$ cat structure02.cif   # mmCIF, C-alpha atoms and all ligand atoms
data_coords
loop_
_atom_site.label_atom_id
_atom_site.label_comp_id
_atom_site.auth_asym_id
_atom_site.auth_seq_id
_atom_site.Cartn_x
_atom_site.Cartn_y
_atom_site.Cartn_z
CA MET A 1 -2.22 -30.57 8.00
CA VAL A 2 -0.14 -27.72 6.59
CA VAL A 3 -0.56 -24.33 8.24
CA ARG A 4 0.81 -21.46 6.21
CA GLY A 5 1.75 -18.21 7.82
CA THR A 6 4.39 -16.74 10.06
CA LEU A 7 4.82 -16.27 13.76
CA ARG A 8 5.09 -12.50 13.53
CA LYS A 9 4.05 -10.61 16.63
CA ASN A 10 3.53 -7.38 14.73
CA VAL A 11 3.10 -6.11 11.22
CA ARG A 12 4.97 -3.17 9.70
CA ILE A 13 3.24 -1.67 6.66
CA LEU A 14 5.06 0.88 4.48
CA LEU A 15 3.23 3.04 1.93
CA LEU A 16 5.18 4.00 -1.19
CA GLY A 17 4.30 5.63 -4.49
CA ASP A 18 4.62 8.84 -6.46
CA ARG A 19 4.05 12.26 -4.92
CA GLY A 20 0.42 13.22 -4.60
CA VAL A 21 -1.13 9.77 -5.06
CA GLY A 22 -2.68 9.96 -1.58
CA LYS A 23 -0.43 7.93 0.73
CA THR A 24 -0.76 10.29 3.69
CA SER A 25 -4.49 10.74 3.06
CA LEU A 26 -5.04 6.96 3.06
CA ILE A 27 -3.33 6.58 6.44
CA LEU A 28 -5.16 9.50 8.04
CA SER A 29 -8.51 8.41 6.54
CA LEU A 30 -8.05 4.97 8.09
CA VAL A 31 -7.23 6.40 11.48
CA SER A 32 -9.85 9.14 11.68
CA GLU A 33 -12.52 7.46 9.50
CA GLU A 34 -12.90 10.69 7.58
CA PHE A 35 -11.06 12.32 4.70
CA PRO A 36 -8.56 14.91 5.94
CA GLU A 37 -8.60 18.00 3.71
CA ASP A 38 -5.16 19.20 4.77
CA VAL A 39 -2.42 16.66 5.24
CA PRO A 40 1.27 17.02 6.06
CA TYR A 41 3.73 15.52 3.57
CA ARG A 42 4.33 12.67 5.91
CA ALA A 43 2.16 11.14 8.65
CA GLU A 44 3.82 10.19 11.93
CA GLU A 45 4.32 6.45 12.33
CA ILE A 46 1.05 5.03 13.65
CA THR A 47 0.61 1.92 15.77
CA ILE A 48 -2.81 0.30 15.68
CA PRO A 49 -3.40 -1.69 18.87
CA PRO A 50 -4.02 -5.40 18.39
CA ASP A 51 -7.61 -5.44 19.65
CA VAL A 52 -8.81 -3.19 16.81
CA THR A 53 -7.02 -5.02 14.00
CA PRO A 54 -8.72 -7.89 12.19
CA GLU A 55 -5.79 -10.23 12.83
CA LEU A 56 -5.25 -9.10 16.45
CA VAL A 57 -1.60 -8.10 16.04
CA PRO A 58 -0.14 -4.63 16.65
CA THR A 59 0.23 -2.97 13.27
CA HIS A 60 2.67 -0.17 12.50
CA ILE A 61 1.82 2.02 9.52
CA VAL A 62 4.69 3.99 8.02
CA ASP A 63 4.34 6.83 5.52
CA TYR A 64 6.95 7.93 3.00
CA SER A 65 7.42 11.29 1.37
CA ALA A 66 10.17 12.26 -1.05
CA GLN A 67 9.70 15.82 0.27
CA ASP A 68 10.76 14.79 3.74
CA GLN A 69 13.08 11.83 3.33
CA THR A 70 16.36 10.97 1.67
CA GLU A 71 17.00 8.00 -0.59
CA ASP A 72 18.91 6.31 2.27
CA GLN A 73 15.95 6.73 4.62
CA LEU A 74 13.69 5.27 1.95
CA LEU A 75 15.91 2.21 1.55
CA ASP A 76 16.11 1.78 5.31
CA GLU A 77 12.31 1.80 5.58
CA VAL A 78 11.99 -0.62 2.65
CA ARG A 79 14.27 -3.08 4.43
CA ARG A 80 12.34 -2.79 7.71
CA ALA A 81 8.90 -3.25 6.12
CA HIS A 82 7.00 -6.55 6.33
CA VAL A 83 4.65 -5.51 3.54
CA ILE A 84 4.61 -2.58 1.12
CA CYS A 85 1.48 -0.85 -0.16
CA LEU A 86 2.50 0.52 -3.54
CA VAL A 87 0.07 3.34 -4.32
CA TYR A 88 -0.83 5.00 -7.63
CA SER A 89 -3.73 7.24 -8.58
CA VAL A 90 -6.33 5.74 -10.93
CA ALA A 91 -6.79 9.29 -12.21
CA SER A 92 -3.13 9.62 -13.26
CA GLU A 93 -1.74 7.28 -15.87
CA ARG A 94 1.76 8.56 -15.14
CA THR A 95 1.63 7.33 -11.55
CA LEU A 96 0.54 3.89 -12.75
CA MET A 97 3.31 3.78 -15.38
CA ASN A 98 5.82 4.65 -12.67
CA ILE A 99 4.81 1.53 -10.76
CA THR A 100 6.51 -0.59 -13.45
CA SER A 101 9.10 1.89 -14.67
CA HIS A 102 10.35 2.97 -11.26
CA TRP A 103 8.87 1.48 -8.08
CA LEU A 104 8.80 -2.26 -8.72
CA PRO A 105 12.31 -2.39 -10.28
CA MET A 106 13.63 -0.17 -7.46
CA LEU A 107 12.21 -2.57 -4.84
CA ARG A 108 13.70 -5.61 -6.57
CA GLU A 109 17.08 -3.92 -6.63
CA ALA A 110 16.89 -2.58 -3.07
CA VAL A 111 16.03 -5.93 -1.52
CA PRO A 112 17.03 -8.74 -3.88
CA HIS A 113 15.41 -12.09 -3.08
CA SER A 114 13.08 -10.33 -0.69
CA ARG A 115 9.93 -12.13 0.34
CA CYS A 116 8.31 -8.83 1.27
CA PRO A 117 4.83 -8.93 -0.26
CA ILE A 118 3.42 -5.95 -2.11
CA ILE A 119 -0.18 -4.72 -2.21
CA LEU A 120 -0.89 -2.72 -5.36
CA VAL A 121 -3.24 0.15 -4.49
CA GLY A 122 -5.15 2.28 -7.01
CA ASN A 123 -6.36 5.29 -5.03
CA LYS A 124 -8.81 8.10 -5.95
CA VAL A 125 -11.52 5.92 -7.54
CA ASP A 126 -13.94 8.74 -6.72
CA LEU A 127 -12.37 10.77 -9.54
CA THR A 128 -12.97 8.46 -12.50
CA GLU A 129 -15.26 5.78 -13.89
CA GLU A 130 -12.33 4.12 -15.65
CA SER A 131 -11.04 1.00 -13.99
CA THR A 132 -7.36 0.08 -14.00
CA VAL A 133 -8.08 -3.57 -13.18
CA SER A 134 -6.85 -5.06 -16.45
CA LEU A 135 -3.61 -3.05 -16.36
CA ALA A 136 -3.10 -4.05 -12.74
CA GLN A 137 -3.64 -7.72 -13.65
CA GLU A 138 -0.95 -7.48 -16.32
CA ILE A 139 1.45 -5.98 -13.79
CA MET A 140 0.66 -8.74 -11.29
CA GLU A 141 1.50 -11.37 -13.88
CA GLN A 142 4.95 -9.85 -14.32
CA TYR A 143 5.59 -9.26 -10.63
CA PRO A 144 4.51 -12.24 -8.48
CA GLU A 145 5.65 -10.38 -5.36
CA ILE A 146 2.35 -8.45 -5.68
CA GLU A 147 0.09 -10.35 -3.34
CA SER A 148 -3.13 -8.45 -3.99
CA PHE A 149 -4.65 -5.45 -5.70
CA VAL A 150 -7.24 -3.00 -4.42
CA GLU A 151 -8.89 0.08 -5.88
CA CYS A 152 -9.93 2.52 -3.18
CA SER A 153 -10.59 6.12 -2.26
CA ALA A 154 -9.21 7.98 0.74
CA LYS A 155 -11.91 10.56 0.03
CA THR A 156 -14.99 8.31 0.17
CA LEU A 157 -13.26 5.74 2.45
CA LYS A 158 -14.07 3.03 -0.09
CA ASN A 159 -11.97 -0.10 0.53
CA ILE A 160 -9.66 1.69 2.98
CA SER A 161 -9.94 -0.78 5.84
CA GLU A 162 -9.84 -3.61 3.25
CA MET A 163 -6.52 -2.30 1.94
CA PHE A 164 -4.91 -2.44 5.39
CA TYR A 165 -6.54 -5.81 6.08
CA TYR A 166 -5.02 -7.26 2.90
CA ALA A 167 -1.65 -5.86 3.91
CA GLN A 168 -1.90 -7.55 7.34
CA LYS A 169 -3.10 -10.75 5.78
CA ALA A 170 -0.26 -10.81 3.23
CA VAL A 171 2.21 -10.92 6.14
CA LEU A 172 0.37 -13.30 8.42
CA HIS A 173 -1.25 -15.65 5.90
CA PRO A 174 0.47 -15.37 2.53
CA THR A 175 -1.66 -16.89 -0.20
CA ALA A 176 -2.19 -16.79 -3.95
CA PRO A 177 -2.92 -13.32 -5.36
CA ILE A 178 -6.28 -11.72 -4.63
CA TYR A 179 -8.06 -9.13 -6.73
CA LEU A 180 -10.30 -6.63 -4.99
CA ALA A 181 -11.64 -4.24 -7.53
CA ASP A 182 -15.37 -4.19 -6.91
CA ARG A 183 -16.41 -0.66 -7.79
CA LEU A 184 -19.95 -0.93 -6.42
CA ASP A 185 -20.65 0.74 -3.09
P1 LIG B 201 3.45 13.11 -0.98
O1 LIG B 201 3.50 13.14 0.50
O2 LIG B 201 3.81 14.42 -1.60
O3 LIG B 201 4.28 11.98 -1.55
O4 LIG B 201 1.91 12.84 -1.45
P2 LIG B 201 0.89 11.75 -0.87
O5 LIG B 201 0.98 10.52 -1.69
O6 LIG B 201 1.04 11.60 0.59
O7 LIG B 201 -0.53 12.42 -1.22
P3 LIG B 201 -1.48 13.24 -0.23
O8 LIG B 201 -2.12 12.36 0.77
O9 LIG B 201 -0.74 14.44 0.26
O10 LIG B 201 -2.62 13.67 -1.27
C1 LIG B 201 -2.34 14.48 -2.40
C2 LIG B 201 -3.62 15.18 -2.85
O11 LIG B 201 -4.57 14.21 -3.31
C3 LIG B 201 -4.30 15.96 -1.73
O12 LIG B 201 -4.85 17.14 -2.27
C4 LIG B 201 -5.41 15.02 -1.27
O13 LIG B 201 -6.52 15.71 -0.72
C5 LIG B 201 -5.77 14.34 -2.59
N1 LIG B 201 -6.34 13.00 -2.40
C6 LIG B 201 -5.81 11.98 -1.67
N2 LIG B 201 -6.59 10.88 -1.75
C7 LIG B 201 -7.64 11.22 -2.53
C8 LIG B 201 -8.80 10.49 -2.99
O14 LIG B 201 -9.03 9.33 -2.70
N3 LIG B 201 -9.65 11.19 -3.81
C9 LIG B 201 -9.44 12.47 -4.16
N4 LIG B 201 -10.34 13.05 -4.96
N5 LIG B 201 -8.37 13.19 -3.75
C10 LIG B 201 -7.48 12.56 -2.95
MG MG B 202 2.38 12.31 1.90
#
$ encode --input "structure02.cif" --output "C-alpha cells"
Amino acid sequence: MVVRGTLRKNVRILLLGDRGVGKTSLILSLVSEEFPEDVPYRAEEITIPPDVTPELVPTHIVDYSAQDQTEDQLLDEVRRAHVICLVYSVASERTLMNITSHWLPMLREAVPHSRCPIILVGNKVDLTEESTVSLAQEIMEQYPEIESFVECSAKTLKNISEMFYYAQKAVLHPTAPIYLADRLD
C-alpha cells in the first residue's frame, strides 16, 4: 500500500494577492464566522487549534499586505509557507490577470523548485454572476503547482471553510488538482 502525505505536525498557510482582493476579510470571516466590515491592512498571525481543524493539526494562517510589509518580508513569508492561497477578486479582471502576470512568476522565481502547493482563490462571488472557472482552469494547466481552485465570498461566507480545508489538505495529502466552483448555495 502506498500512503501519500507528509508527517507535518502543523500547517502554515500564507494568503497572497493584489491589494483589496479580500485576504484580510477571508481570514477574519473564517475566524469570527461573520463578515467584518472594517478590517486592518493585515490580520495578526492566527493559530487554529488542532481540535477544530478538519485534519486535526495546528494551523497557522498568515496575512500579507503590501501596505505593511517590505518585499524582503514577503519573500521571507513565502519561504516559510507550507501552502499559499493566491487570491484574486472575481469582480476585478485586473486582479485575475495579475495572478499570471505577477504572482505566479514571482513565486516561481522566489522559490525555484519549490514543492509549495498553491490554492487559487476567486473571492467576492457575491458581486457577480460571471464565473471565472474556465480562466482558472487554463491557469491551472499552465501552473501545475496550483493544487486546487475555489470561488468564495468572505461576505456571504460561501466556501470559506472549504478554502482553508483545501489548503490544509494540499499540505497533508497532496493529490491531483481539485476544482471547487459550485456556485449554488
Ligand atoms: P490589502 O490588505 O490592502 O492587500 O487588501 P486585502 O486583500 O486584505 O482586502 P480586504 O480584506 O482589506 O478587503 C478589501 C475590500 O473588499 C474591503 O472593503 C472588504 O470589505 C471588501 N471585501 C472583501 N471580501 C469581500 C467579499 O467577499 N465580497 C464583497 N462584496 N466585498 C469584500
Ligand atoms: Mg489586508
$ residues_near_point --input "structure02.cif" --point "(-5.9, -1.8, -2.1)" --cutoff "7 Å" --atoms "all atoms listed in the file" --output "ChimeraX atom specification"
/A:119-122,149-152,159,162-163
$ atom_distance --input "structure02.cif" --atom1 "atom CA of A:Val39" --atom2 "atom CA of A:Lys23"
10.0 Å
$ residues_near_ligand --input "structure02.cif" --ligand "ligand MG 202 (chain B)" --cutoff "10 Å" --atoms "all atoms listed in the file" --output "ChimeraX atom specification"
/A:15-27,39-43,63-68
$ axis_aligned_box --input "structure02.cif" --around "ligand LIG 201 (chain B)" --padding-each-side "8 Å" --output "AutoDock Vina command-line options"
--center_x -3.0 --center_y 13.2 --center_z -2.1 --size_x 30.6 --size_y 23.8 --size_z 21.7
$ closest_residue --input "structure02.cif" --among "A:Val90, A:Val83, A:Ala167, A:Leu172" --to "ligand LIG 201 (chain B)" --atoms "only C-alpha atoms and all ligand atoms"
A:Val90
$ closest_residue --input "structure02.cif" --among "A:Glu138, A:Glu77, A:Glu147, A:Glu71" --to "A:Glu45" --atoms "all atoms listed in the file"
A:Glu77
$ closest_residue --input "structure02.cif" --among "A:Lys169, A:Lys124, A:Arg80, A:Lys158" --to "ligand LIG 201 (chain B)" --atoms "all atoms listed in the file"
A:Lys124
$ closest_residue --input "structure02.cif" --among "A:Gln69, A:Gln142, A:Asn123, A:Thr128" --to "ligand LIG 201 (chain B)" --atoms "all atoms listed in the file"
A:Asn123
$ residues_around --input "structure02.cif" --residues "A:Leu56" --least-positions-apart "2" --cutoff "12 Å" --atoms "all atoms listed in the file" --output "list in words"
Arg8, Lys9, Asn10, Val11, Ile48, Pro49, Pro50, Asp51, Val52, Thr53, Pro54, Pro58, Thr59, Tyr165, Gln168, Lys169 and Leu172 of chain A
$ decode --input "structure02.cif" --residues "stretch 13-40 of chain A" --atoms "N, CA and C atoms" --output "CSV table (one decimal), in the first residue's frame"
chain,number,residue,atom,x,y,z
A,13,ILE,N,-0.3,28.5,6.4
A,13,ILE,CA,-1.0,28.9,5.2
A,13,ILE,C,-0.7,30.4,5.1
A,14,LEU,N,-0.2,30.8,3.9
A,14,LEU,CA,0.0,32.3,3.6
A,14,LEU,C,-1.0,32.7,2.5
A,15,LEU,N,-1.6,33.9,2.8
A,15,LEU,CA,-2.5,34.4,1.8
A,15,LEU,C,-1.8,35.6,1.0
A,16,LEU,N,-1.8,35.5,-0.3
A,16,LEU,CA,-1.2,36.5,-1.1
A,16,LEU,C,-2.2,36.9,-2.2
A,17,GLY,N,-1.9,38.1,-2.8
A,17,GLY,CA,-2.8,38.5,-3.9
A,17,GLY,C,-2.8,40.1,-3.9
A,18,ASP,N,-3.4,40.6,-4.9
A,18,ASP,CA,-3.4,42.1,-5.1
A,18,ASP,C,-4.1,42.8,-3.9
A,19,ARG,N,-3.8,44.1,-3.7
A,19,ARG,CA,-4.5,44.9,-2.7
A,19,ARG,C,-6.0,44.9,-2.9
A,20,GLY,N,-6.7,44.7,-1.9
A,20,GLY,CA,-8.2,44.9,-1.9
A,20,GLY,C,-8.9,43.6,-2.4
A,21,VAL,N,-8.3,42.5,-2.6
A,21,VAL,CA,-9.0,41.3,-3.1
A,21,VAL,C,-9.7,40.6,-2.0
A,22,GLY,N,-9.4,41.0,-0.7
A,22,GLY,CA,-10.1,40.4,0.4
A,22,GLY,C,-9.4,39.4,1.3
A,23,LYS,N,-8.0,39.5,1.2
A,23,LYS,CA,-7.3,38.5,2.0
A,23,LYS,C,-7.6,38.6,3.5
A,24,THR,N,-7.5,39.8,4.0
A,24,THR,CA,-7.7,40.0,5.5
A,24,THR,C,-9.2,39.6,5.8
A,25,SER,N,-10.1,40.0,4.9
A,25,SER,CA,-11.5,39.7,5.2
A,25,SER,C,-11.7,38.2,5.2
A,26,LEU,N,-11.1,37.5,4.3
A,26,LEU,CA,-11.2,36.0,4.3
A,26,LEU,C,-10.8,35.4,5.7
A,27,ILE,N,-9.7,35.8,6.2
A,27,ILE,CA,-9.1,35.3,7.4
A,27,ILE,C,-10.1,35.6,8.6
A,28,LEU,N,-10.5,36.9,8.6
A,28,LEU,CA,-11.3,37.3,9.8
A,28,LEU,C,-12.7,36.7,9.7
A,29,SER,N,-13.2,36.5,8.4
A,29,SER,CA,-14.5,35.8,8.3
A,29,SER,C,-14.4,34.4,8.8
A,30,LEU,N,-13.3,33.7,8.5
A,30,LEU,CA,-13.2,32.3,8.9
A,30,LEU,C,-13.2,32.3,10.4
A,31,VAL,N,-12.5,33.2,11.1
A,31,VAL,CA,-12.3,33.1,12.5
A,31,VAL,C,-13.6,33.5,13.2
A,32,SER,N,-14.2,34.6,12.7
A,32,SER,CA,-15.4,35.1,13.5
A,32,SER,C,-16.7,34.5,13.0
A,33,GLU,N,-16.7,33.8,11.8
A,33,GLU,CA,-17.9,33.3,11.2
A,33,GLU,C,-18.9,34.4,10.8
A,34,GLU,N,-18.3,35.6,10.7
A,34,GLU,CA,-19.2,36.7,10.1
A,34,GLU,C,-18.2,37.7,9.4
A,35,PHE,N,-18.8,38.4,8.4
A,35,PHE,CA,-18.0,39.3,7.6
A,35,PHE,C,-17.7,40.6,8.4
A,36,PRO,N,-16.4,40.9,8.5
A,36,PRO,CA,-16.0,42.1,9.2
A,36,PRO,C,-16.1,43.3,8.3
A,37,GLU,N,-16.8,44.3,8.7
A,37,GLU,CA,-17.0,45.5,7.8
A,37,GLU,C,-15.7,46.3,7.7
A,38,ASP,N,-15.0,46.4,8.9
A,38,ASP,CA,-13.8,47.2,8.9
A,38,ASP,C,-12.6,46.2,9.2
A,39,VAL,N,-11.7,46.2,8.3
A,39,VAL,CA,-10.5,45.3,8.6
A,39,VAL,C,-9.2,46.1,8.6
A,40,PRO,N,-8.2,45.7,9.4
A,40,PRO,CA,-6.9,46.3,9.2
A,40,PRO,C,-6.3,45.9,7.9
